[in-house]
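Okay, query_39.txt is below, compact mmCIF, C-alpha atoms and all ligand atoms:
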# COMPACT_ATOMS: atom_id res chain seq x y z
CA MET A 1 -25.33 30.19 54.40
CA ASN A 2 -24.34 26.60 55.01
CA ILE A 3 -27.81 25.87 56.29
CA SER A 4 -29.30 26.97 53.03
CA LEU A 5 -26.67 24.91 51.23
CA ASP A 6 -27.75 21.88 53.28
CA LYS A 7 -31.34 22.53 52.26
CA ARG A 8 -30.31 22.84 48.67
CA ILE A 9 -28.41 19.56 48.74
CA SER A 10 -31.29 17.68 50.35
CA ALA A 11 -33.66 19.16 47.77
CA LEU A 12 -31.38 17.89 45.05
CA ILE A 13 -31.17 14.45 46.65
CA ASP A 14 -34.98 14.30 46.91
CA GLN A 15 -35.21 15.18 43.27
CA ARG A 16 -32.64 12.52 42.39
CA ASP A 17 -34.49 9.81 44.35
CA PHE A 18 -37.69 10.71 42.59
CA LEU A 19 -36.02 10.45 39.23
CA ASN A 20 -34.44 7.13 40.20
CA ASP A 21 -37.89 5.76 41.05
CA VAL A 22 -39.18 6.85 37.70
CA ARG A 23 -36.26 5.12 36.08
CA LYS A 24 -36.84 1.85 37.98
CA ASN A 25 -40.45 1.71 36.76
CA HIS A 26 -39.26 2.04 33.26
CA TRP A 27 -36.93 -0.94 33.80
CA CYS A 28 -39.95 -3.14 34.55
CA ILE A 29 -41.92 -2.38 31.47
CA LEU A 30 -39.48 -1.67 28.70
CA LYS A 31 -37.12 -3.83 26.73
CA ARG A 32 -33.42 -3.61 27.43
CA SER A 33 -32.51 -1.81 24.21
CA VAL A 34 -35.15 0.81 24.81
CA LEU A 35 -34.00 1.06 28.37
CA GLU A 36 -30.45 1.92 27.49
CA GLU A 37 -31.72 4.78 25.43
CA GLU A 38 -34.02 5.81 28.25
CA HIS A 39 -31.17 5.63 30.67
CA ALA A 40 -29.14 8.04 28.61
CA ILE A 41 -32.10 10.39 28.26
CA MET A 42 -32.86 10.20 31.98
CA TYR A 43 -29.25 10.89 32.79
CA LYS A 44 -29.32 13.96 30.60
CA LEU A 45 -32.61 14.99 32.17
CA LEU A 46 -31.16 14.49 35.61
CA VAL A 47 -28.19 16.67 34.78
CA LEU A 48 -30.54 19.32 33.39
CA VAL A 49 -32.66 19.20 36.54
CA PHE A 50 -29.53 19.58 38.69
CA VAL A 51 -28.33 22.53 36.68
CA ALA A 52 -31.76 24.16 36.57
CA LEU A 53 -32.25 23.74 40.32
CA ALA A 54 -28.83 25.12 41.10
CA ALA A 55 -29.41 28.10 38.81
CA ALA A 56 -32.85 28.90 40.17
CA GLN A 57 -31.96 28.79 43.84
CA LYS A 58 -31.22 32.04 45.60
CA ALA A 59 -30.03 31.92 49.17
CA SER A 60 -32.78 32.83 51.61
CA TYR A 61 -32.14 34.42 54.99
CA GLU A 62 -35.72 34.02 56.19
CA ASN A 63 -35.80 34.44 59.97
CA TYR A 64 -32.04 34.72 60.26
CA LYS A 65 -31.24 37.18 63.05
CA VAL A 66 -28.31 39.45 63.70
CA PHE A 67 -27.40 39.49 67.38
CA ARG A 68 -25.41 42.31 68.91
CA VAL A 69 -23.03 40.94 71.51
CA LEU A 70 -20.98 42.86 74.07
CA PRO A 71 -17.78 41.04 75.06
CA LEU A 72 -16.66 42.08 78.54
CA GLN A 73 -13.46 40.06 78.77
CA GLU A 74 -10.68 38.87 76.49
CA SER A 75 -11.79 35.24 76.94
CA GLN A 76 -15.24 36.08 75.56
CA LEU A 77 -13.63 37.77 72.57
CA ASN A 78 -11.69 34.59 71.89
CA VAL A 79 -14.86 32.52 71.81
CA LEU A 80 -16.49 35.02 69.45
CA ARG A 81 -13.46 34.87 67.17
CA GLN A 82 -14.05 31.14 66.69
CA ILE A 83 -17.75 31.43 65.99
CA GLU A 84 -17.49 32.16 62.29
CA ASP A 85 -15.95 28.81 61.48
CA HIS A 86 -19.22 27.12 62.51
CA ASP A 87 -22.16 26.46 60.23
CA GLY A 88 -25.10 28.74 60.78
CA PHE A 89 -23.05 31.60 62.25
CA ALA A 90 -21.59 34.53 60.34
CA LEU A 91 -19.82 37.58 61.67
CA TRP A 92 -21.17 40.82 60.28
CA ASN A 93 -18.98 42.96 62.47
CA GLY A 94 -16.14 40.95 63.94
CA PRO A 95 -14.68 41.00 67.45
CA SER A 96 -12.26 43.84 68.05
CA HIS A 97 -11.86 44.92 71.67
CA VAL A 98 -13.44 44.35 75.06
CA ASN A 99 -16.54 46.57 75.46
CA MET A 100 -16.94 46.97 71.71
CA THR A 101 -19.95 45.27 70.22
CA VAL A 102 -19.84 42.36 67.79
CA ASP A 103 -22.61 41.59 65.27
CA VAL A 104 -23.27 37.91 64.60
CA MET A 105 -25.83 36.59 62.11
CA VAL A 106 -27.39 33.35 63.30
CA ALA A 107 -29.50 30.84 61.35
CA PRO A 108 -32.89 30.00 62.93
CA SER A 109 -31.83 26.41 63.65
CA LYS A 110 -28.90 27.71 65.71
CA PHE A 111 -30.73 30.17 67.97
CA GLY A 112 -30.77 27.70 70.88
CA GLU A 113 -27.10 26.90 70.49
CA PHE A 114 -26.24 30.58 70.30
CA VAL A 115 -28.20 31.53 73.41
CA ASP A 116 -26.68 28.62 75.35
CA LEU A 117 -23.20 29.68 74.30
CA MET A 118 -23.71 33.33 75.26
CA ASN A 119 -25.13 32.30 78.64
CA LEU A 120 -22.30 29.84 79.19
CA ILE A 121 -19.60 32.47 78.65
CA GLY A 122 -21.68 35.18 80.33
CA THR A 123 -21.77 37.62 77.42
CA PRO A 124 -24.65 40.09 77.11
CA TYR A 125 -26.47 39.92 73.78
CA ALA A 126 -29.62 41.19 72.12
CA SER A 127 -31.39 40.58 68.86
CA TYR A 128 -30.55 43.55 66.64
CA ILE A 129 -32.00 42.55 63.27
CA ASP A 130 -35.03 40.28 63.59
CA ASN A 131 -35.31 38.92 60.08
CA VAL A 132 -32.45 39.45 57.64
CA GLN A 133 -34.52 38.39 54.64
CA ALA A 134 -37.09 41.09 55.40
CA LEU A 135 -34.33 43.73 55.13
CA ILE A 136 -33.06 42.20 51.89
CA ASP A 137 -36.61 42.35 50.51
CA THR A 138 -37.11 46.01 51.42
CA GLU A 139 -33.59 47.26 50.71
CA THR A 140 -34.27 48.23 47.11
CA SER A 141 -37.94 49.14 47.26
CA SER A 142 -37.99 52.60 48.85
CA VAL A 143 -37.04 54.60 45.76
CA VAL A 144 -38.94 54.96 42.49
CA ARG A 145 -36.69 53.57 39.75
CA SER A 146 -36.20 55.60 36.61
CA THR A 147 -36.14 53.67 33.36
CA THR A 148 -34.84 56.54 31.26
CA ARG A 149 -31.75 57.82 33.03
CA PHE A 150 -29.11 56.44 35.36
CA SER A 151 -30.17 57.11 38.93
CA TYR A 152 -27.60 57.61 41.66
CA SER A 153 -30.11 56.83 44.37
CA VAL A 154 -30.61 53.14 43.64
CA TYR A 155 -28.39 50.05 43.73
CA HIS A 156 -27.42 48.92 40.24
CA THR A 157 -26.30 45.64 38.73
CA LEU A 158 -22.75 45.34 37.45
CA GLN A 159 -24.02 45.45 33.89
CA GLU A 160 -25.82 48.73 34.53
CA ILE A 161 -22.77 50.23 36.22
CA TYR A 162 -20.40 49.22 33.43
CA ALA A 163 -22.79 50.52 30.76
CA HIS A 164 -22.98 53.78 32.69
CA LEU A 165 -19.19 54.13 32.74
CA ASP A 166 -19.17 53.63 28.96
CA ASP A 167 -21.93 56.25 28.61
CA LEU A 168 -19.97 58.75 30.68
CA ALA A 169 -16.93 58.33 28.43
CA GLU A 170 -19.15 58.92 25.40
CA GLN A 171 -20.88 61.96 26.90
CA HIS A 172 -17.65 63.55 28.23
CA PRO A 173 -14.97 62.61 25.69
CA ASN A 174 -12.61 65.35 26.91
CA ASN A 175 -12.79 64.40 30.58
CA VAL A 176 -13.66 60.70 30.91
CA GLU A 177 -11.79 57.71 29.60
CA VAL A 178 -12.70 54.08 30.31
CA ILE A 179 -9.82 52.19 31.93
CA ILE A 180 -9.48 48.48 32.64
CA GLY A 181 -7.80 47.79 35.97
CA GLY A 182 -7.74 44.00 35.62
CA LYS A 183 -9.95 40.99 35.27
CA SER A 184 -11.89 38.52 37.37
CA TYR A 185 -11.83 34.74 37.78
CA GLU A 186 -15.03 34.40 35.75
CA GLY A 187 -13.56 36.54 32.99
CA ARG A 188 -15.13 39.92 33.72
CA GLN A 189 -13.26 43.20 33.47
CA ILE A 190 -12.48 45.40 36.43
CA LYS A 191 -13.76 48.45 34.63
CA GLY A 192 -13.16 51.98 35.77
CA ILE A 193 -12.77 55.50 34.49
CA LYS A 194 -10.00 58.03 34.42
CA LEU A 195 -11.35 61.49 35.06
CA SER A 196 -9.20 64.50 34.16
CA PHE A 197 -9.63 68.17 33.41
CA GLY A 198 -6.95 69.84 31.31
CA GLU A 199 -3.30 68.98 31.54
CA SER A 200 -2.08 66.05 33.57
CA LYS A 201 -2.28 66.34 37.38
CA PRO A 202 -1.28 64.23 40.37
CA GLY A 203 -3.66 61.31 40.75
CA ILE A 204 -6.10 59.90 43.29
CA VAL A 205 -7.29 56.28 43.06
CA LEU A 206 -10.74 55.29 44.35
CA GLU A 207 -11.48 51.60 44.90
CA GLY A 208 -15.04 50.41 45.55
CA GLY A 209 -16.78 47.11 45.95
CA ILE A 210 -13.87 44.85 46.81
CA HIS A 211 -16.21 43.20 49.32
CA ALA A 212 -19.16 42.14 47.23
CA ARG A 213 -22.03 42.56 49.70
CA GLU A 214 -21.10 46.11 50.72
CA TRP A 215 -23.38 47.68 48.09
CA ILE A 216 -23.18 51.18 49.52
CA SER A 217 -19.51 51.24 48.46
CA PRO A 218 -19.95 51.18 44.65
CA ALA A 219 -23.09 53.33 45.01
CA THR A 220 -21.10 55.99 46.88
CA VAL A 221 -18.24 55.86 44.38
CA LEU A 222 -20.75 56.39 41.54
CA TYR A 223 -22.22 59.38 43.36
CA ILE A 224 -18.73 60.84 43.78
CA ILE A 225 -18.03 60.36 40.05
CA ASP A 226 -21.22 62.25 39.23
CA GLN A 227 -20.33 65.13 41.54
CA LEU A 228 -16.73 65.35 40.33
CA LEU A 229 -18.12 65.72 36.81
CA ASN A 230 -21.18 67.87 37.40
CA SER A 231 -21.11 69.66 40.76
CA GLN A 232 -21.05 73.47 40.60
CA ASP A 233 -19.80 73.79 44.17
CA PRO A 234 -16.47 75.67 43.92
CA GLU A 235 -14.82 73.42 46.52
CA VAL A 236 -15.87 70.25 44.72
CA ARG A 237 -14.73 71.78 41.41
CA ALA A 238 -11.33 72.55 42.92
CA LEU A 239 -11.03 69.00 44.22
CA ALA A 240 -12.18 67.51 40.91
CA GLU A 241 -10.06 69.64 38.63
CA GLY A 242 -6.96 69.78 40.79
CA ASN A 243 -6.39 66.03 40.46
CA ASP A 244 -6.56 63.19 37.96
CA TRP A 245 -8.88 60.42 39.11
CA TYR A 246 -8.61 56.68 38.57
CA ILE A 247 -11.89 55.22 39.78
CA PHE A 248 -12.99 51.59 40.05
CA PRO A 249 -16.50 51.19 41.51
CA ASN A 250 -16.34 47.35 41.48
CA ALA A 251 -13.00 45.75 42.30
CA ASN A 252 -14.68 42.34 42.78
CA PRO A 253 -17.08 42.06 39.84
CA ASP A 254 -17.78 38.29 40.14
CA GLY A 255 -18.70 38.66 43.78
CA TYR A 256 -20.93 41.65 43.07
CA VAL A 257 -22.82 39.76 40.34
CA TYR A 258 -23.20 36.84 42.76
CA THR A 259 -24.78 39.12 45.39
CA HIS A 260 -27.41 40.06 42.81
CA THR A 261 -28.09 36.59 41.42
CA LYS A 262 -27.45 34.03 44.19
CA ASN A 263 -26.54 35.28 47.61
CA ARG A 264 -27.01 38.89 48.77
CA LEU A 265 -24.48 38.42 51.57
CA TRP A 266 -21.56 37.07 49.54
CA ARG A 267 -18.28 38.80 50.44
CA LYS A 268 -15.41 37.06 48.63
CA THR A 269 -14.25 36.31 45.09
CA ARG A 270 -15.71 33.32 43.24
CA LYS A 271 -12.68 31.13 42.58
CA PRO A 272 -13.40 27.57 43.76
CA TYR A 273 -11.06 26.26 46.46
CA SER A 274 -12.91 23.05 47.32
CA THR A 275 -16.20 21.37 46.46
CA PHE A 276 -18.17 23.56 48.82
CA CYS A 277 -15.91 26.54 49.49
CA TYR A 278 -15.48 29.32 47.02
CA GLY A 279 -13.45 32.46 46.96
CA SER A 280 -10.93 34.21 49.05
CA ASP A 281 -11.30 37.53 50.79
CA PRO A 282 -9.84 39.92 48.22
CA ASN A 283 -9.04 42.38 50.95
CA ARG A 284 -6.83 39.82 52.71
CA ASN A 285 -5.04 38.72 49.52
CA TRP A 286 -2.70 41.62 48.68
CA GLY A 287 1.02 41.03 48.94
CA TYR A 288 2.10 43.21 51.83
CA LYS A 289 2.54 41.32 55.14
CA TRP A 290 0.20 38.77 53.57
CA ASN A 291 -1.53 36.40 56.01
CA THR A 292 0.44 37.55 59.03
CA GLY A 293 -2.64 38.03 61.23
CA GLY A 294 -6.34 38.75 61.04
CA ALA A 295 -6.85 36.50 58.04
CA SER A 296 -7.77 32.84 57.78
CA SER A 297 -6.04 29.89 56.11
CA ASN A 298 -9.36 28.03 55.90
CA PRO A 299 -10.87 28.28 52.38
CA CYS A 300 -14.37 28.15 53.87
CA SER A 301 -13.78 31.23 56.01
CA GLU A 302 -15.12 34.67 55.11
CA THR A 303 -11.62 36.05 55.66
CA TYR A 304 -9.68 33.38 53.75
CA ALA A 305 -6.40 34.98 52.71
CA GLY A 306 -6.13 32.87 49.54
CA SER A 307 -3.61 30.16 48.73
CA SER A 308 -0.82 32.73 48.36
CA ALA A 309 -0.46 36.49 48.10
CA PHE A 310 -2.25 37.60 44.93
CA SER A 311 -3.72 34.12 44.37
CA GLU A 312 -6.82 35.96 43.12
CA VAL A 313 -6.61 37.24 39.58
CA GLU A 314 -8.59 40.31 40.67
CA THR A 315 -6.00 41.52 43.20
CA ARG A 316 -3.05 40.44 41.06
CA THR A 317 -4.20 42.28 37.94
CA LEU A 318 -5.39 45.34 39.83
CA SER A 319 -2.06 45.52 41.68
CA GLU A 320 -0.26 45.30 38.33
CA TYR A 321 -2.38 48.13 37.00
CA LEU A 322 -1.71 50.29 40.07
CA THR A 323 2.01 49.55 39.76
CA SER A 324 1.90 50.63 36.11
CA ILE A 325 0.43 54.03 37.08
CA SER A 326 2.37 54.33 40.31
CA ASP A 327 4.22 57.46 39.20
CA LYS A 328 0.86 59.08 38.42
CA PHE A 329 -0.93 58.92 41.79
CA TYR A 330 -0.25 59.95 45.38
CA ALA A 331 -3.47 58.98 47.13
CA PHE A 332 -5.60 55.85 47.42
CA ILE A 333 -9.04 55.61 48.99
CA SER A 334 -10.99 52.37 49.36
CA PHE A 335 -14.65 52.18 50.34
CA HIS A 336 -16.21 49.51 52.52
CA SER A 337 -19.14 49.18 54.88
CA TYR A 338 -20.27 49.18 57.59
CA SER A 339 -19.29 50.78 60.98
CA GLN A 340 -18.54 54.47 60.21
CA LEU A 341 -14.79 54.42 60.48
CA LEU A 342 -11.99 56.19 58.69
CA LEU A 343 -8.98 53.89 58.77
CA PHE A 344 -5.39 54.08 57.69
CA SER A 345 -2.35 51.81 57.74
CA TYR A 346 -1.30 49.51 59.09
CA GLY A 347 -3.36 46.41 59.73
CA HIS A 348 -0.53 44.17 60.97
CA THR A 349 0.55 46.29 63.92
CA THR A 350 -0.93 48.74 66.38
CA ALA A 351 2.37 50.62 66.37
CA HIS A 352 2.17 54.12 64.93
CA ILE A 353 4.49 53.78 61.99
CA GLY A 354 4.87 55.69 58.75
CA ASN A 355 3.25 59.14 58.77
CA TYR A 356 0.70 58.22 61.47
CA ASP A 357 0.48 61.70 63.00
CA GLU A 358 -0.08 63.32 59.66
CA LEU A 359 -2.69 60.77 58.55
CA TYR A 360 -4.46 61.17 61.87
CA ALA A 361 -4.54 64.96 61.55
CA ILE A 362 -5.81 64.85 57.96
CA GLY A 363 -8.32 62.16 58.90
CA LYS A 364 -9.61 64.25 61.82
CA LYS A 365 -10.43 67.15 59.48
CA SER A 366 -12.16 64.65 57.18
CA ILE A 367 -14.42 63.08 59.78
CA ASP A 368 -15.26 66.48 61.28
CA ALA A 369 -16.35 67.67 57.85
CA LEU A 370 -18.29 64.44 57.32
CA ALA A 371 -20.29 64.99 60.51
CA GLN A 372 -21.31 68.55 59.56
CA ARG A 373 -24.13 67.77 57.15
CA TYR A 374 -26.11 65.03 58.88
CA GLY A 375 -24.32 64.50 62.18
CA THR A 376 -22.91 61.15 61.09
CA GLU A 377 -20.13 60.25 63.49
CA TYR A 378 -17.02 58.38 62.48
CA ARG A 379 -14.13 56.98 64.46
CA LEU A 380 -10.59 57.38 63.18
CA GLY A 381 -7.34 55.48 63.49
CA ASN A 382 -5.06 52.80 62.16
CA VAL A 383 -6.68 49.49 61.27
CA ALA A 384 -5.10 47.26 63.91
CA GLU A 385 -5.77 49.67 66.75
CA THR A 386 -9.22 50.88 65.74
CA ILE A 387 -10.78 47.56 64.79
CA TYR A 388 -8.50 44.53 64.75
CA VAL A 389 -5.36 43.12 63.21
CA ALA A 390 -6.05 42.43 59.52
CA THR A 391 -3.46 41.83 56.84
CA GLY A 392 -3.42 41.64 53.05
CA SER A 393 -5.55 44.73 52.36
CA SER A 394 -5.20 46.91 49.29
CA LEU A 395 -4.80 49.85 51.69
CA ASP A 396 -1.66 48.40 53.27
CA TRP A 397 -0.20 47.23 49.96
CA VAL A 398 -0.56 50.68 48.40
CA LYS A 399 1.00 52.22 51.50
CA GLY A 400 3.66 49.61 52.21
CA SER A 401 4.65 48.40 48.75
CA LEU A 402 4.00 51.47 46.60
CA GLY A 403 4.82 53.94 49.38
CA LYS A 404 1.82 56.21 48.82
CA PRO A 405 1.55 58.83 51.58
CA ILE A 406 -2.22 59.39 51.53
CA SER A 407 -4.08 56.10 51.86
CA TYR A 408 -7.42 55.65 53.66
CA THR A 409 -10.28 53.20 53.96
CA TYR A 410 -13.82 54.31 54.68
CA GLU A 411 -16.18 51.99 56.47
CA LEU A 412 -19.35 53.79 55.36
CA ARG A 413 -22.81 53.86 56.99
CA ASP A 414 -24.31 52.59 59.12
CA LYS A 415 -23.48 51.30 62.63
CA GLY A 416 -25.47 48.09 62.25
CA ARG A 417 -29.15 49.04 62.18
CA TYR A 418 -29.18 47.83 58.58
CA GLY A 419 -25.55 46.74 58.29
CA PHE A 420 -24.79 45.57 54.76
CA LEU A 421 -28.43 46.10 53.80
CA LEU A 422 -28.50 49.90 53.92
CA PRO A 423 -31.73 51.15 52.28
CA GLU A 424 -31.45 53.02 49.01
CA ASN A 425 -32.75 56.25 50.49
CA GLN A 426 -29.43 56.52 52.38
CA ILE A 427 -27.27 56.37 49.24
CA ILE A 428 -27.35 60.11 48.41
CA PRO A 429 -26.87 61.29 52.03
CA THR A 430 -23.95 58.85 52.37
CA GLY A 431 -22.49 60.16 49.10
CA GLU A 432 -22.92 63.80 50.15
CA GLU A 433 -21.25 63.50 53.53
CA THR A 434 -18.46 61.33 52.11
CA LEU A 435 -17.73 63.90 49.41
CA ASP A 436 -17.69 66.63 52.10
CA SER A 437 -15.03 64.64 53.91
CA LEU A 438 -12.95 64.14 50.74
CA VAL A 439 -12.98 67.89 50.09
CA ALA A 440 -11.67 68.47 53.63
CA MET A 441 -9.18 65.59 53.35
CA PHE A 442 -7.47 66.90 50.25
CA LYS A 443 -7.56 70.52 51.40
CA GLU A 444 -5.71 69.49 54.56
CA ALA A 445 -3.35 67.23 52.59
CA ALA A 446 -2.53 70.18 50.30
CA LYS A 447 -1.80 72.38 53.32
CA ARG A 448 0.68 69.73 54.40
CA GLY A 449 2.40 69.76 51.04
CA TYR A 450 0.68 66.87 49.26
CA PRO A 451 1.12 65.94 46.54
CA ASN A 452 4.83 66.58 47.00
ZN ZN B 1 -15.34 45.43 53.45

As structure tokens, the full file:
Amino acid sequence: MNISLDKRISALIDQRDFLNDVRKNHWCILKRSVLEEEHAIMYKLLVLVFVALAAAQKASYENYKVFRVLPLQESQLNVLRQIEDHDGFALWNGPSHVNMTVDVMVAPSKFGEFVDLMNLIGTPYASYIDNVQALIDTETSSVVRSTTRFSYSVYHTLQEIYAHLDDLAEQHPNNVEVIIGGKSYEGRQIKGIKLSFGESKPGIVLEGGIHAREWISPATVLYIIDQLLNSQDPEVRALAEGNDWYIFPNANPDGYVYTHTKNRLWRKTRKPYSTFCYGSDPNRNWGYKWNTGGASSNPCSETYAGSSAFSEVETRTLSEYLTSISDKFYAFISFHSYSQLLLFSYGHTTAHIGNYDELYAIGKKSIDALAQRYGTEYRLGNVAETIYVATGSSLDWVKGSLGKPISYTYELRDKGRYGFLLPENQIIPTGEETLDSLVAMFKEAAKRGYPN
């Protein structure tokens, strides 16, 4: 990412030098009064060129590779943990434990450095994705796009998603109501829907898209909305109609727009923290055990915790909304990708605290049901133990601060073959198996007396 930024800056400097030359020539041939006018015009032109160039540029990941690395010792893990703070390296799937693979995206200019480093510390590695840009280019081309109706099998822009939520409320006035869960730094709404059938029921909150580049998350949430409204399967109907639903497909709207317009692999919010570093990780910014591990204090980091808990307007306003409906819901599910994991609290400690045993048992039924349809295998456990210590997530805040008993995070497909760039033809299968697991989750929760 920084490489492409470097390129962008040097392109701008080249452009500026060129314009300066043009301006110097004018100095030689024009009178001073004319020149002053010219100067002002050129300055305006220059500004326009800067703005136009900045707007037109879209980050390219041509020939970037994703390497899969297998740390064999704790010391190797420590080196890998430091890698993301260096230009040209980005962690797609961060270091967790010895003998568990790590996915690192490397810019072409850093291949030599990367190979030297891996050989120096003696860590096995292999190229796993050969050209990231090629995957970006093919991600959205496998499915024929309908122009007449909203398709659940393609990735949509934020505008399309929000228009669709409005349409649903119009088409189903008795069951769907548009709700606003908060706002973004750039002034967008965090738009969602409340879905209800008949008299008021205990609620389930679904949060999608808090990490901008994880496109399968909002796409899966949209598929679930469709099924909750339209499925004729008796088990899905029971799940849909036995609960009220508060559903936000895009909890980080600025970031999501940015992944469509500027940088497909953007993860964070878009609040500027320094000249070159924007955004904090909105899933490290919530106010429960904030920044007590597994988050960064460096604004340039992908896991920057923010300047304080709830420094991001997105997390602050969404947390206020959730607090305002706290007596109306008992379960919270957030959707991320990738890795195929079903996670629950907490992220700050590997200790089994809260209702660990119960969440494990419910989660086990869920992942078993998920595997039935397509054989997709998930791992299950608390965040700190299953992946790594990470603090400031919405999951932990809902559990720790609001005390909600049923609180899970899905890391959806896949296991790294496509990573964040899951092709569109996997959207429906991902949605189907995830809905299967939700049916099983809430059946098992009900058996255990939830909501109580
Ligand atoms: Zn995520």

* **10 Å shell around ligand ZN 1 (chain B) using only C-alpha atoms and all ligand atoms, listed as a VMD selection string** => chain A and resid 208 to 215 217 267 to 268 281 to 283 334 to 338 393 409 to 412 420

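Across A:Glu320, A:Trp286, A:Leu80, A:Tyr408, the tightest approach to Ser308 in chain A is made by A:Trp286 when counting all atoms listed in the file.
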
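Proximity of A:Ala238, A:Glu113, A:Tyr258, A:Lys65 to Leu91 in chain A, computed with all atoms listed in the file, is greatest for A:Lys65.
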
* Asked: Skipping near chain neighbours, those fewer than 5 positions away, what residues fall within 9 Å of Val132 in chain A using only C-alpha atoms, listed as a PyMOL selection string?
  -> chain A and resi 60-66+105+137+421

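Close contacts of Leu206 in chain A, defined as residues with an atom at most 8 Å away when counting only C-alpha atoms, with chain neighbours fewer than 4 positions off set aside, comprise Val221, Trp245, Tyr246, Ile247, Phe248, Pro249, Phe332, Ile333, Ser334 and Phe335 of chain A.
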
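For the pair CA of Thr275 in chain A and CA of Ser297 in chain A, the separation is 16.4 Å.
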